[in-house]
$ cat data_3.cif   # mmCIF, C-alpha atoms (C1' of nucleotides)
data_target
loop_
_atom_site.label_atom_id
_atom_site.label_comp_id
_atom_site.auth_asym_id
_atom_site.auth_seq_id
_atom_site.Cartn_x
_atom_site.Cartn_y
_atom_site.Cartn_z
CA MET A 1156 49.89 7.56 14.83
CA LEU A 1157 48.40 10.14 17.18
CA ARG A 1158 46.00 7.54 18.50
CA TYR A 1159 48.94 5.21 19.02
CA LEU A 1160 50.81 7.79 21.10
CA GLU A 1161 47.63 8.44 23.01
CA ARG A 1162 47.23 4.75 23.87
CA ALA A 1163 50.86 4.75 25.05
CA GLY A 1164 50.02 7.62 27.38
CA LEU A 1165 52.66 9.89 25.88
CA VAL A 1166 50.66 12.62 24.13
CA VAL A 1167 47.10 12.70 25.45
CA PRO A 1168 45.05 15.57 24.07
CA ARG A 1169 42.00 17.00 25.75
CA ARG A 1170 38.62 16.09 24.32
CA ALA A 1171 35.74 18.28 23.24
CA GLN A 1172 32.23 17.23 24.31
CA SER A 1173 31.78 15.69 20.92
CA GLY A 1174 34.82 13.49 21.45
CA TYR A 1175 37.11 15.37 19.09
CA ARG A 1176 40.76 15.45 20.15
CA LEU A 1177 41.94 18.95 20.97
CA TYR A 1178 45.62 19.39 20.22
CA GLY A 1179 46.92 22.60 21.77
CA ILE A 1180 50.35 24.15 21.76
CA ARG A 1181 51.34 21.89 24.63
CA GLU A 1182 50.65 18.77 22.63
CA LEU A 1183 52.32 20.20 19.56
CA ASN A 1184 55.43 20.89 21.60
CA GLN A 1185 55.36 17.38 22.98
CA LEU A 1186 55.08 15.97 19.48
CA ARG A 1187 57.93 18.07 18.19
CA SER A 1188 60.33 17.28 21.03
CA LEU A 1189 59.30 13.64 20.94
CA ALA A 1190 60.34 13.47 17.30
CA GLU A 1191 63.64 15.07 18.27
CA LEU A 1192 64.22 12.57 21.07
CA ARG A 1193 63.63 9.71 18.68
CA GLN A 1194 65.87 11.13 16.01
CA VAL A 1195 68.76 12.27 18.21
CA PHE A 1196 68.87 9.45 20.74
CA GLY A 1197 67.06 6.69 18.91
CA VAL A 1198 64.53 6.47 21.72
CA GLU A 1199 61.61 4.16 20.98
CA ILE A 1200 58.07 5.03 21.89
CA GLY A 1201 57.74 2.07 24.23
CA GLU A 1202 60.96 3.07 25.97
CA LEU A 1203 59.70 6.57 26.66
CA ALA A 1204 56.44 5.11 27.91
CA PHE A 1205 58.51 2.96 30.24
CA ALA A 1206 60.35 6.01 31.56
CA LEU A 1207 56.93 7.51 32.26
CA ARG A 1208 55.94 4.34 34.10
CA LEU A 1209 59.16 4.55 36.12
CA ARG A 1210 58.22 8.04 37.20
CA ARG A 1211 54.67 7.08 38.13
CA GLU A 1212 55.25 3.73 39.89
CA PRO A 1213 57.69 4.10 42.77
CA ALA A 1214 57.74 0.38 43.48
CA LEU A 1215 58.79 -0.34 39.90
CA ARG A 1216 61.38 2.41 40.04
CA ALA A 1217 62.86 1.00 43.24
CA ALA A 1218 62.99 -2.52 41.84
CA VAL A 1219 64.67 -1.38 38.63
CA ASP A 1220 67.17 0.78 40.49
CA THR A 1221 68.06 -2.12 42.72
CA TRP A 1222 68.56 -4.39 39.75
CA LEU A 1223 70.75 -1.88 37.94
CA ALA A 1224 72.82 -1.31 41.07
CA GLY A 1225 73.60 -5.02 41.09
CA THR A 1226 74.55 -4.82 37.43
CA ASP A 1227 77.41 -2.33 37.43
CA ALA A 1228 78.32 -2.63 41.09
CA VAL A 1229 81.61 -4.54 41.21
CA ASP A 1230 82.58 -4.71 37.59
CA GLY A 1231 86.34 -4.44 37.60
CA LEU A 1232 87.03 -7.30 39.97
CA PRO A 1233 89.37 -10.06 38.81
CA ALA A 1234 87.69 -13.43 38.77
CA PRO A 1235 88.55 -15.31 41.95
CA GLY A 1236 89.07 -18.96 41.36
CA TRP A 1237 86.25 -19.99 43.61
CA VAL A 1238 83.76 -18.07 41.48
CA GLU A 1239 84.79 -20.11 38.50
CA TRP A 1240 84.46 -23.22 40.55
CA GLU A 1241 81.04 -22.20 41.83
CA GLN A 1242 80.07 -21.44 38.32
CA ARG A 1243 80.83 -24.96 37.21
CA LYS A 1244 78.78 -26.35 40.06
CA HIS A 1245 75.83 -24.12 39.34
CA GLU A 1246 75.94 -24.93 35.69
CA ARG A 1247 75.53 -28.57 36.48
CA LEU A 1248 72.53 -27.70 38.63
CA LEU A 1249 70.99 -25.50 35.97
CA ALA A 1250 69.55 -28.46 34.12
CA ALA A 1251 66.43 -27.91 36.26
CA MET B 628 68.66 -16.51 25.43
CA LEU B 629 71.80 -15.84 27.49
CA ARG B 630 73.52 -14.53 24.39
CA TYR B 631 70.54 -12.28 23.76
CA LEU B 632 70.76 -10.79 27.26
CA GLU B 633 74.46 -10.36 26.78
CA ARG B 634 73.96 -8.42 23.54
CA ALA B 635 71.47 -6.22 25.38
CA GLY B 636 74.15 -5.48 27.96
CA LEU B 637 72.02 -6.75 30.84
CA VAL B 638 73.83 -9.89 31.99
CA VAL B 639 77.40 -9.92 30.72
CA PRO B 640 79.46 -12.83 32.03
CA ARG B 641 83.20 -12.88 32.22
CA ARG B 642 85.09 -14.90 29.63
CA ALA B 643 87.74 -17.56 30.04
CA GLN B 644 90.76 -17.43 27.75
CA SER B 645 89.11 -20.02 25.57
CA GLY B 646 86.10 -17.74 25.10
CA TYR B 647 83.76 -19.71 27.35
CA ARG B 648 81.26 -17.59 29.25
CA LEU B 649 81.79 -17.75 33.00
CA TYR B 650 78.54 -17.34 34.89
CA GLY B 651 79.21 -16.72 38.59
CA ILE B 652 76.84 -16.16 41.46
CA ARG B 653 76.53 -12.53 40.48
CA GLU B 654 75.22 -13.39 37.06
CA LEU B 655 72.93 -16.05 38.48
CA ASN B 656 71.48 -13.50 40.88
CA GLN B 657 70.98 -11.08 38.03
CA LEU B 658 69.19 -13.71 36.01
CA ARG B 659 66.95 -14.68 38.89
CA SER B 660 65.94 -11.14 39.80
CA LEU B 661 65.55 -10.25 36.14
CA ALA B 662 63.02 -13.04 35.78
CA GLU B 663 61.23 -11.70 38.81
CA LEU B 664 61.15 -8.16 37.42
CA ARG B 665 59.66 -9.42 34.21
CA GLN B 666 57.07 -11.55 35.92
CA VAL B 667 56.00 -9.11 38.64
CA PHE B 668 56.09 -5.84 36.72
CA GLY B 669 55.87 -7.02 33.15
CA VAL B 670 59.16 -5.31 32.36
CA GLU B 671 60.51 -6.09 28.90
CA ILE B 672 64.16 -6.74 28.25
CA GLY B 673 64.48 -3.73 25.98
CA GLU B 674 62.90 -1.53 28.61
CA LEU B 675 65.41 -2.59 31.23
CA ALA B 676 68.20 -2.04 28.75
CA PHE B 677 66.82 1.45 28.24
CA ALA B 678 66.88 2.10 31.99
CA LEU B 679 70.51 1.06 31.91
CA ARG B 680 71.13 3.50 29.06
CA LEU B 681 69.43 6.23 31.06
CA ARG B 682 71.83 5.61 33.90
CA ARG B 683 74.89 5.60 31.66
CA GLU B 684 74.10 8.53 29.33
CA PRO B 685 73.48 11.71 31.31
CA ALA B 686 72.52 13.68 28.20
CA LEU B 687 69.83 11.16 27.36
CA ARG B 688 68.62 11.13 30.94
CA ALA B 689 68.35 14.92 30.98
CA ALA B 690 66.47 15.00 27.69
CA VAL B 691 64.00 12.35 28.81
CA ASP B 692 63.47 14.02 32.18
CA THR B 693 62.77 17.30 30.45
CA TRP B 694 60.31 15.67 28.12
CA LEU B 695 58.48 13.92 30.93
CA ALA B 696 58.34 17.12 32.96
CA GLY B 697 56.50 18.73 30.06
CA THR B 698 54.13 15.79 29.94
CA ASP B 699 52.53 15.83 33.37
CA ALA B 700 53.32 19.42 34.26
CA VAL B 701 50.04 21.33 34.02
CA ASP B 702 47.53 18.58 33.61
CA GLY B 703 44.47 19.79 35.48
CA LEU B 704 44.08 23.09 33.66
CA PRO B 705 40.75 23.83 32.02
CA ALA B 706 41.09 24.38 28.29
CA PRO B 707 41.19 28.10 27.56
CA GLY B 708 39.26 29.03 24.47
CA TRP B 709 42.29 30.41 22.72
CA VAL B 710 44.04 27.05 22.95
CA GLU B 711 41.17 25.47 21.09
CA TRP B 712 41.35 28.23 18.54
CA GLU B 713 45.11 27.87 18.15
CA GLN B 714 44.59 24.18 17.78
CA ARG B 715 42.32 24.72 14.80
CA LYS B 716 44.84 27.01 13.18
CA HIS B 717 47.72 24.67 13.72
CA GLU B 718 45.74 21.76 12.43
CA ARG B 719 45.21 23.58 9.16
CA LEU B 720 48.94 24.14 8.95
CA LEU B 721 49.79 20.55 9.75
CA ALA B 722 49.22 19.42 6.19
CA ALA B 723 52.96 20.05 5.70
"C1'" DG C 1211 91.93 -39.45 21.63
"C1'" DC C 1212 87.43 -39.09 22.35
"C1'" DA C 1213 82.98 -37.83 24.36
"C1'" DA C 1214 80.89 -33.94 26.29
"C1'" DC C 1215 80.52 -29.28 26.32
"C1'" DC C 1216 81.29 -24.71 24.65
"C1'" DT C 1217 81.59 -21.14 20.80
"C1'" DT C 1218 79.55 -18.35 16.80
"C1'" DA C 1219 76.46 -17.80 12.77
"C1'" DG C 1220 72.29 -18.41 11.00
"C1'" DC C 1221 67.35 -19.60 10.28
"C1'" DA C 1222 62.55 -20.02 12.08
"C1'" DC C 1223 58.52 -18.44 14.03
"C1'" DG C 1224 54.87 -16.31 16.71
"C1'" DA C 1225 54.21 -11.75 18.99
"C1'" DT C 1226 54.49 -7.05 19.24
"C1'" DC C 1227 55.84 -2.33 17.29
"C1'" DG C 1228 55.06 1.63 14.28
"C1'" DT C 1229 52.60 3.24 10.66
"C1'" DG C 1230 49.12 3.67 7.07
"C1'" DT C 1231 44.66 2.98 5.16
"C1'" DC C 1232 39.79 1.83 4.72
"C1'" DA C 1233 34.81 1.58 6.31
"C1'" DA C 1234 30.85 3.22 8.86
"C1'" DG C 1235 29.04 6.67 11.56
"C1'" DC C 1236 28.77 11.32 14.36
"C1'" DT C 1237 29.88 16.76 14.33
"C1'" DT C 1238 30.37 21.07 12.54
"C1'" DG C 1239 30.01 25.19 9.85
"C1'" DA C 1240 28.22 27.77 6.02
"C1'" DT D 1217 21.13 20.28 4.63
"C1'" DC D 1218 25.22 18.86 2.98
"C1'" DA D 1219 30.18 18.59 2.37
"C1'" DA D 1220 34.20 18.37 5.07
"C1'" DG D 1221 36.32 16.57 8.89
"C1'" DC D 1222 36.39 13.99 13.05
"C1'" DT D 1223 35.59 9.45 15.66
"C1'" DT D 1224 36.39 4.31 16.47
"C1'" DG D 1225 37.45 -0.32 14.83
"C1'" DA D 1226 39.76 -3.22 11.86
"C1'" DC D 1227 43.14 -4.98 8.80
"C1'" DA D 1228 47.80 -4.84 6.48
"C1'" DC D 1229 52.57 -5.01 6.42
"C1'" DG D 1230 57.52 -4.60 7.13
"C1'" DA D 1231 60.58 -4.46 11.23
"C1'" DT D 1232 62.03 -5.86 15.47
"C1'" DC D 1233 61.57 -8.79 19.84
"C1'" DG D 1234 62.13 -13.07 22.42
"C1'" DT D 1235 63.09 -17.63 22.06
"C1'" DG D 1236 64.53 -22.00 20.22
"C1'" DC D 1237 67.12 -24.97 17.14
"C1'" DT D 1238 70.69 -26.60 13.97
"C1'" DA D 1239 75.38 -26.67 11.86
"C1'" DA D 1240 80.33 -26.36 11.92
"C1'" DG D 1241 84.09 -25.99 14.69
"C1'" DG D 1242 87.24 -25.15 19.20
"C1'" DT D 1243 88.10 -26.78 24.49
"C1'" DT D 1244 88.24 -29.73 28.29
"C1'" DG D 1245 88.62 -33.69 31.21
"C1'" DC D 1246 89.32 -38.46 31.72
#

$ encode --input "data_3.cif" --output "structure tokens"
Amino acid sequence: MLRYLERAGLVVPRRAQSGYRLYGIRELNQLRSLAELRQVFGVEIGELAFALRLRREPALRAAVDTWLAGTDAVDGLPAPGWVEWEQRKHERLLAA
Amino acid sequence: MLRYLERAGLVVPRRAQSGYRLYGIRELNQLRSLAELRQVFGVEIGELAFALRLRREPALRAAVDTWLAGTDAVDGLPAPGWVEWEQRKHERLLAA
DNA sequence: GCAACCTTAGCACGATCGTGTCAAGCTTGA
DNA sequence: TCAAGCTTGACACGATCGTGCTAAGGTTGC
């Protein structure tokens, strides 16, 4: 389990010269609050790792933000007839 | 596949009275850029859904931000001896 | 009215997740 | 030196992901 979290980059302990993992209070706190996050919000490990990626890769963050902006941008609009019409047309073309 | 994305809350088309899904240009754009996100950045569907959750649930966002702040906060510190010692002690106690 | 298309529900199936356990070897402390 | 404890690598195993397909039935357009 600890090695799994380490591979995910979430809780990475220091190493002694011998290679032993050194879990300090910092890591213990991370482990405790991670368990809380999972229990309270149902956050998966991969999801938290993704949030970490978002924070470390600005390009990814920008791309995701852009995508999400397009998602909930104009949500309450009534469907204009032409959209429905366009939709039919595109559906036909979607065979490709 | 489309129904899967819909259940994930990522691409949710309007519905006709009959129940038919109405995919307009907006949804087609979402689908296209979603495919690009996945291909370019290796983003999984669940991960994007999580980013959406982050944007919609402020409490979750705050909790995750706090956790991440603790993760990469003081990363370059040399290990003080007492941390190593504490680590031993806590390890003994971790049998519980 | 009928063919073509949509709906949901459900099963299948390989891939990955999350976790545990076992084997073989290196480290450490008394 | 020797037992206890750590390391990595590997396998196992249920659960979920991502995707496709089929079945049974409603909608639509000609």

$ residues_around --input "data_3.cif" --residues "DA1214 in chain C" --least-positions-apart "3" --cutoff "12 Å" --atoms "all atoms listed in the file" --output "list in words"
DT1243, DT1244, DG1245 and DC1246 of chain D

$ closest_atom_pairs --input "data_3.cif" --of "chain D" --to "chain A" --cutoff "12 Å" --atoms "only C-alpha atoms (C1' of nucleotides)" --output "Markdown table"
| residue | atom | partner | partner_atom | distance |
| --- | --- | --- | --- | --- |
| D:DG1221 | C1' | A:Tyr1175 | CA | 10.3 |
| D:DC1222 | C1' | A:Tyr1175 | CA | 6.2 |
| D:DT1223 | C1' | A:Tyr1175 | CA | 7.0 |
| D:DT1224 | C1' | A:Arg1158 | CA | 10.3 |
| D:DT1232 | C1' | A:Glu1199 | CA | 11.4 |

$ write_last_selection --input "data_3.cif" --atoms "C-alpha atoms (C1' of nucleotides)" --output "tab-separated table (two decimals), in the coordinates of the input"
chain	number	residue	atom	x	y	z
D	1221	DG	C1'	36.32	16.57	8.89
D	1222	DC	C1'	36.39	13.99	13.05
D	1223	DT	C1'	35.59	9.45	15.66
D	1224	DT	C1'	36.39	4.31	16.47
D	1232	DT	C1'	62.03	-5.86	15.47

$ residues_around --input "data_3.cif" --residues "range 1214-1226 of chain A" --least-positions-apart "2" --cutoff "7 Å" --atoms "all atoms listed in the file" --output "PDB file with C-alpha atoms, in the frame of the given file"
ATOM      1  CA  LEU A1209      59.160   4.550  36.120  1.00  0.00           C
ATOM      2  CA  GLU A1212      55.250   3.730  39.890  1.00  0.00           C
ATOM      3  CA  ALA A1228      78.320  -2.630  41.090  1.00  0.00           C
TER       4      ALA A1228
ATOM      5  CA  PHE B 668      56.090  -5.840  36.720  1.00  0.00           C
ATOM      6  CA  LEU B 679      70.510   1.060  31.910  1.00  0.00           C
TER       7      LEU B 679
END

$ interface_residues --input "data_3.cif" --of "chain A" --to "chain B" --cutoff "8 Å" --atoms "only C-alpha atoms" --output "ChimeraX atom specification"
/A:1165-1166,1169,1177-1180,1185,1188-1189,1192,1196,1201-1203,1205-1207,1215,1218-1219,1222-1223,1225-1226,1234,1238-1239,1241-1242

$ residues_near_point --input "data_3.cif" --point "(73.7, -22.5, 12.5)" --cutoff "7 Å" --atoms "only C-alpha atoms (C1' of nucleotides)" --output "ChimeraX atom specification"
/C:1219-1220 /D:1238-1239

$ resolve_selection --input "data_3.cif" --expression "the PyMOL selection byres ((chain C) within 12 of (chain B))" --output "list in words"
DC1215, DC1216, DT1217, DT1218 and DT1226 of chain C

$ write_last_selection --input "data_3.cif" --atoms "C-alpha atoms (C1' of nucleotides)" --output "CSV table (one decimal), in the coordinates of the input"
chain,number,residue,atom,x,y,z
C,1215,DC,C1',80.5,-29.3,26.3
C,1216,DC,C1',81.3,-24.7,24.6
C,1217,DT,C1',81.6,-21.1,20.8
C,1218,DT,C1',79.6,-18.4,16.8
C,1226,DT,C1',54.5,-7.0,19.2

$ atom_distance --input "data_3.cif" --atom1 "CA of Tyr631 in chain B" --atom2 "C1' of DG1234 in chain D"
8.6 Å

$ atom_distance --input "data_3.cif" --atom1 "CA of Arg1193 in chain A" --atom2 "C1' of DC1229 in chain D"
22.1 Å

$ atom_distance --input "data_3.cif" --atom1 "C1' of DA1228 in chain D" --atom2 "C1' of DC1227 in chain C"
13.7 Å

$ decode --input "data_3.cif" --residues "chain C" --atoms "N, CA, C and O atoms (P, O5', C5', C4', C3', O3' and C1' of nucleotides)" --output "CSV table (one decimal), in the first residue's frame"
chain,number,residue,atom,x,y,z
C,1211,DG,P,-51.9,0.9,-40.1
C,1211,DG,O5',-50.8,0.9,-41.3
C,1211,DG,C5',-50.9,-0.2,-42.2
C,1211,DG,C4',-49.5,-0.6,-42.6
C,1211,DG,C3',-48.7,-1.3,-41.6
C,1211,DG,O3',-47.5,-1.9,-42.3
C,1211,DG,C1',-47.8,0.8,-41.7
C,1212,DC,P,-47.2,-3.4,-42.4
C,1212,DC,O5',-45.7,-3.2,-43.0
C,1212,DC,C5',-45.4,-2.2,-43.9
C,1212,DC,C4',-44.1,-1.6,-43.7
C,1212,DC,C3',-43.1,-2.4,-42.8
C,1212,DC,O3',-41.8,-2.2,-43.4
C,1212,DC,C1',-43.3,-0.2,-42.0
C,1213,DA,P,-40.8,-3.5,-43.2
C,1213,DA,O5',-39.4,-2.8,-43.5
C,1213,DA,C5',-39.4,-1.9,-44.6
C,1213,DA,C4',-38.5,-0.7,-44.3
C,1213,DA,C3',-37.1,-1.1,-43.6
C,1213,DA,O3',-36.1,-0.3,-44.2
C,1213,DA,C1',-38.3,0.3,-42.2
C,1214,DA,P,-34.5,-0.5,-43.8
C,1214,DA,O5',-34.2,0.7,-42.8
C,1214,DA,C5',-34.5,2.0,-43.3
C,1214,DA,C4',-34.3,3.0,-42.1
C,1214,DA,C3',-33.0,2.7,-41.3
C,1214,DA,O3',-32.4,4.0,-41.1
C,1214,DA,C1',-34.9,2.8,-39.9
C,1215,DC,P,-30.9,4.0,-40.5
C,1215,DC,O5',-31.1,4.6,-39.0
C,1215,DC,C5',-31.8,5.8,-38.9
C,1215,DC,C4',-32.3,5.9,-37.5
C,1215,DC,C3',-31.3,5.7,-36.4
C,1215,DC,O3',-31.1,6.9,-35.6
C,1215,DC,C1',-33.4,4.8,-35.9
C,1216,DC,P,-29.9,7.0,-34.5
C,1216,DC,O5',-30.7,6.9,-33.2
C,1216,DC,C5',-31.5,8.0,-32.7
C,1216,DC,C4',-32.4,7.6,-31.7
C,1216,DC,C3',-31.8,7.1,-30.4
C,1216,DC,O3',-31.7,8.2,-29.5
C,1216,DC,C1',-33.6,5.7,-31.0
C,1217,DT,P,-30.9,8.0,-28.1
C,1217,DT,O5',-31.8,7.0,-27.2
C,1217,DT,C5',-33.0,7.6,-26.6
C,1217,DT,C4',-33.7,6.5,-25.8
C,1217,DT,C3',-32.9,5.8,-24.8
C,1217,DT,O3',-32.9,6.5,-23.6
C,1217,DT,C1',-34.2,4.2,-26.0
C,1218,DT,P,-31.7,6.3,-22.5
C,1218,DT,O5',-32.1,5.0,-21.8
C,1218,DT,C5',-33.4,4.9,-21.1
C,1218,DT,C4',-33.7,3.4,-20.8
C,1218,DT,C3',-32.7,2.8,-19.8
C,1218,DT,O3',-33.4,2.3,-18.7
C,1218,DT,C1',-32.9,1.4,-21.7
C,1219,DA,P,-32.5,1.8,-17.4
C,1219,DA,O5',-32.3,0.3,-17.7
C,1219,DA,C5',-33.4,-0.5,-18.2
C,1219,DA,C4',-32.9,-2.0,-18.3
C,1219,DA,C3',-31.9,-2.4,-17.3
C,1219,DA,O3',-32.2,-3.6,-16.7
C,1219,DA,C1',-31.1,-2.8,-19.5
C,1220,DG,P,-31.3,-4.3,-15.5
C,1220,DG,O5',-30.3,-5.2,-16.3
C,1220,DG,C5',-30.8,-6.2,-17.2
C,1220,DG,C4',-29.7,-6.7,-18.0
C,1220,DG,C3',-28.4,-7.1,-17.3
C,1220,DG,O3',-28.3,-8.5,-17.2
C,1220,DG,C1',-27.9,-6.1,-19.3
C,1221,DC,P,-27.1,-9.2,-16.4
C,1221,DC,O5',-26.1,-9.6,-17.5
C,1221,DC,C5',-26.6,-10.4,-18.6
C,1221,DC,C4',-25.5,-10.6,-19.7
C,1221,DC,C3',-24.1,-11.1,-19.1
C,1221,DC,O3',-23.7,-12.1,-19.9
C,1221,DC,C1',-23.8,-9.0,-20.3
C,1222,DA,P,-22.3,-12.9,-19.5
C,1222,DA,O5',-21.2,-12.1,-20.4
C,1222,DA,C5',-21.5,-12.0,-21.8
C,1222,DA,C4',-20.2,-11.5,-22.5
C,1222,DA,C3',-18.9,-11.9,-21.8
C,1222,DA,O3',-17.9,-12.2,-22.9
C,1222,DA,C1',-19.0,-9.6,-21.8
C,1223,DC,P,-16.7,-13.2,-22.7
C,1223,DC,O5',-15.5,-12.4,-23.3
C,1223,DC,C5',-15.7,-11.1,-23.8
C,1223,DC,C4',-14.5,-10.2,-23.5
C,1223,DC,C3',-13.6,-10.9,-22.5
C,1223,DC,O3',-12.3,-10.6,-22.9
C,1223,DC,C1',-14.3,-8.8,-21.7
C,1224,DG,P,-11.0,-11.5,-22.4
C,1224,DG,O5',-9.8,-10.4,-22.5
C,1224,DG,C5',-9.6,-9.7,-23.7
C,1224,DG,C4',-9.2,-8.3,-23.3
C,1224,DG,C3',-7.9,-8.2,-22.5
C,1224,DG,O3',-7.1,-7.1,-22.9
C,1224,DG,C1',-9.6,-7.1,-21.3
C,1225,DA,P,-5.7,-6.8,-22.2
C,1225,DA,O5',-6.1,-5.5,-21.2
C,1225,DA,C5',-6.5,-4.3,-21.8
C,1225,DA,C4',-6.5,-3.2,-20.8
C,1225,DA,C3',-5.3,-3.1,-19.9
C,1225,DA,O3',-4.9,-1.8,-19.7
C,1225,DA,C1',-7.2,-3.5,-18.6
C,1226,DT,P,-3.5,-1.4,-19.0
C,1226,DT,O5',-3.9,-0.8,-17.6
C,1226,DT,C5',-4.9,0.3,-17.6
C,1226,DT,C4',-5.5,0.3,-16.2
C,1226,DT,C3',-4.6,0.5,-15.0
C,1226,DT,O3',-4.8,1.7,-14.4
C,1226,DT,C1',-6.3,-1.1,-14.6
C,1227,DC,P,-4.1,2.2,-13.0
C,1227,DC,O5',-5.1,1.7,-11.9
C,1227,DC,C5',-6.4,2.3,-11.9
C,1227,DC,C4',-7.2,1.9,-10.6
C,1227,DC,C3',-6.4,2.2,-9.3
C,1227,DC,O3',-7.3,2.7,-8.4
C,1227,DC,C1',-7.1,-0.1,-9.4
C,1228,DG,P,-6.8,3.5,-7.1
C,1228,DG,O5',-6.8,2.3,-6.0
C,1228,DG,C5',-8.0,1.8,-5.5
C,1228,DG,C4',-7.8,0.7,-4.5
C,1228,DG,C3',-6.7,1.0,-3.5
C,1228,DG,O3',-7.2,0.6,-2.2
C,1228,DG,C1',-6.3,-1.1,-4.6
C,1229,DT,P,-6.5,1.0,-0.9
C,1229,DT,O5',-6.0,-0.5,-0.5
C,1229,DT,C5',-6.9,-1.6,-0.5
C,1229,DT,C4',-6.2,-2.9,-0.5
C,1229,DT,C3',-5.0,-3.0,0.5
C,1229,DT,O3',-5.4,-3.5,1.7
C,1229,DT,C1',-4.8,-4.3,-1.5
C,1230,DG,P,-4.4,-4.0,2.8
C,1230,DG,O5',-4.0,-5.5,2.3
C,1230,DG,C5',-4.9,-6.5,2.3
C,1230,DG,C4',-4.3,-7.8,1.9
C,1230,DG,C3',-3.1,-8.2,2.7
C,1230,DG,O3',-3.3,-9.6,3.2
C,1230,DG,C1',-2.5,-8.3,0.4
C,1231,DT,P,-2.3,-10.1,4.3
C,1231,DT,O5',-1.5,-11.3,3.5
C,1231,DT,C5',-2.1,-11.9,2.4
C,1231,DT,C4',-1.1,-12.6,1.6
C,1231,DT,C3',0.1,-13.1,2.4
C,1231,DT,O3',0.5,-14.4,2.1
C,1231,DT,C1',0.8,-11.9,0.5
C,1232,DC,P,1.4,-15.3,3.1
C,1232,DC,O5',2.5,-15.8,2.1
C,1232,DC,C5',2.2,-16.3,0.8
C,1232,DC,C4',3.4,-16.2,-0.1
C,1232,DC,C3',4.7,-16.6,0.6
C,1232,DC,O3',5.3,-17.7,-0.1
C,1232,DC,C1',4.9,-14.6,-0.6
C,1233,DA,P,6.6,-18.4,0.5
C,1233,DA,O5',7.8,-17.8,-0.4
C,1233,DA,C5',7.6,-17.8,-1.9
C,1233,DA,C4',8.9,-17.2,-2.5
C,1233,DA,C3',10.2,-17.6,-1.9
C,1233,DA,O3',11.2,-17.8,-2.9
C,1233,DA,C1',10.0,-15.3,-1.8
C,1234,DA,P,12.5,-18.5,-2.6
C,1234,DA,O5',13.6,-17.4,-2.7
C,1234,DA,C5',13.7,-16.6,-3.9
C,1234,DA,C4',14.6,-15.5,-3.7
C,1234,DA,C3',15.9,-15.8,-2.9
C,1234,DA,O3',17.0,-15.2,-3.6
C,1234,DA,C1',14.8,-14.0,-1.9
C,1235,DG,P,18.5,-15.4,-3.0
C,1235,DG,O5',18.9,-14.0,-2.4
C,1235,DG,C5',18.9,-12.9,-3.2
C,1235,DG,C4',18.9,-11.6,-2.4
C,1235,DG,C3',20.1,-11.4,-1.4
C,1235,DG,O3',20.7,-10.2,-1.7
C,1235,DG,C1',18.1,-10.9,-0.4
C,1236,DC,P,22.1,-9.8,-1.1
C,1236,DC,O5',21.9,-8.5,-0.2
C,1236,DC,C5',21.5,-7.3,-0.9
C,1236,DC,C4',21.0,-6.3,0.1
C,1236,DC,C3',22.1,-5.8,1.1
C,1236,DC,O3',21.9,-4.4,1.4
C,1236,DC,C1',20.3,-6.7,2.3
C,1237,DT,P,23.0,-3.5,2.2
C,1237,DT,O5',22.2,-2.9,3.4
C,1237,DT,C5',21.0,-3.5,3.9
C,1237,DT,C4',20.5,-2.7,5.1
C,1237,DT,C3',21.5,-2.1,6.0
C,1237,DT,O3',20.9,-1.0,6.7
C,1237,DT,C1',20.5,-3.9,7.1
C,1238,DT,P,21.8,-0.1,7.7
C,1238,DT,O5',21.3,-0.6,9.1
C,1238,DT,C5',19.9,-0.8,9.3
C,1238,DT,C4',19.7,-1.4,10.7
C,1238,DT,C3',20.7,-1.0,11.8
C,1238,DT,O3',20.0,-0.7,12.9
C,1238,DT,C1',20.5,-3.3,11.7
C,1239,DG,P,20.6,0.4,14.0
C,1239,DG,O5',20.3,-0.5,15.3
C,1239,DG,C5',19.1,-1.2,15.5
C,1239,DG,C4',19.2,-2.3,16.5
C,1239,DG,C3',20.2,-1.9,17.7
C,1239,DG,O3',19.7,-2.5,18.9
C,1239,DG,C1',21.0,-3.8,16.6
C,1240,DA,P,20.2,-2.0,20.3
C,1240,DA,O5',20.5,-3.3,21.1
C,1240,DA,C5',19.4,-4.3,21.2
C,1240,DA,C4',20.0,-5.7,21.4
C,1240,DA,C3',21.0,-5.8,22.6
C,1240,DA,O3',20.8,-7.0,23.3
C,1240,DA,C1',22.1,-6.5,20.6
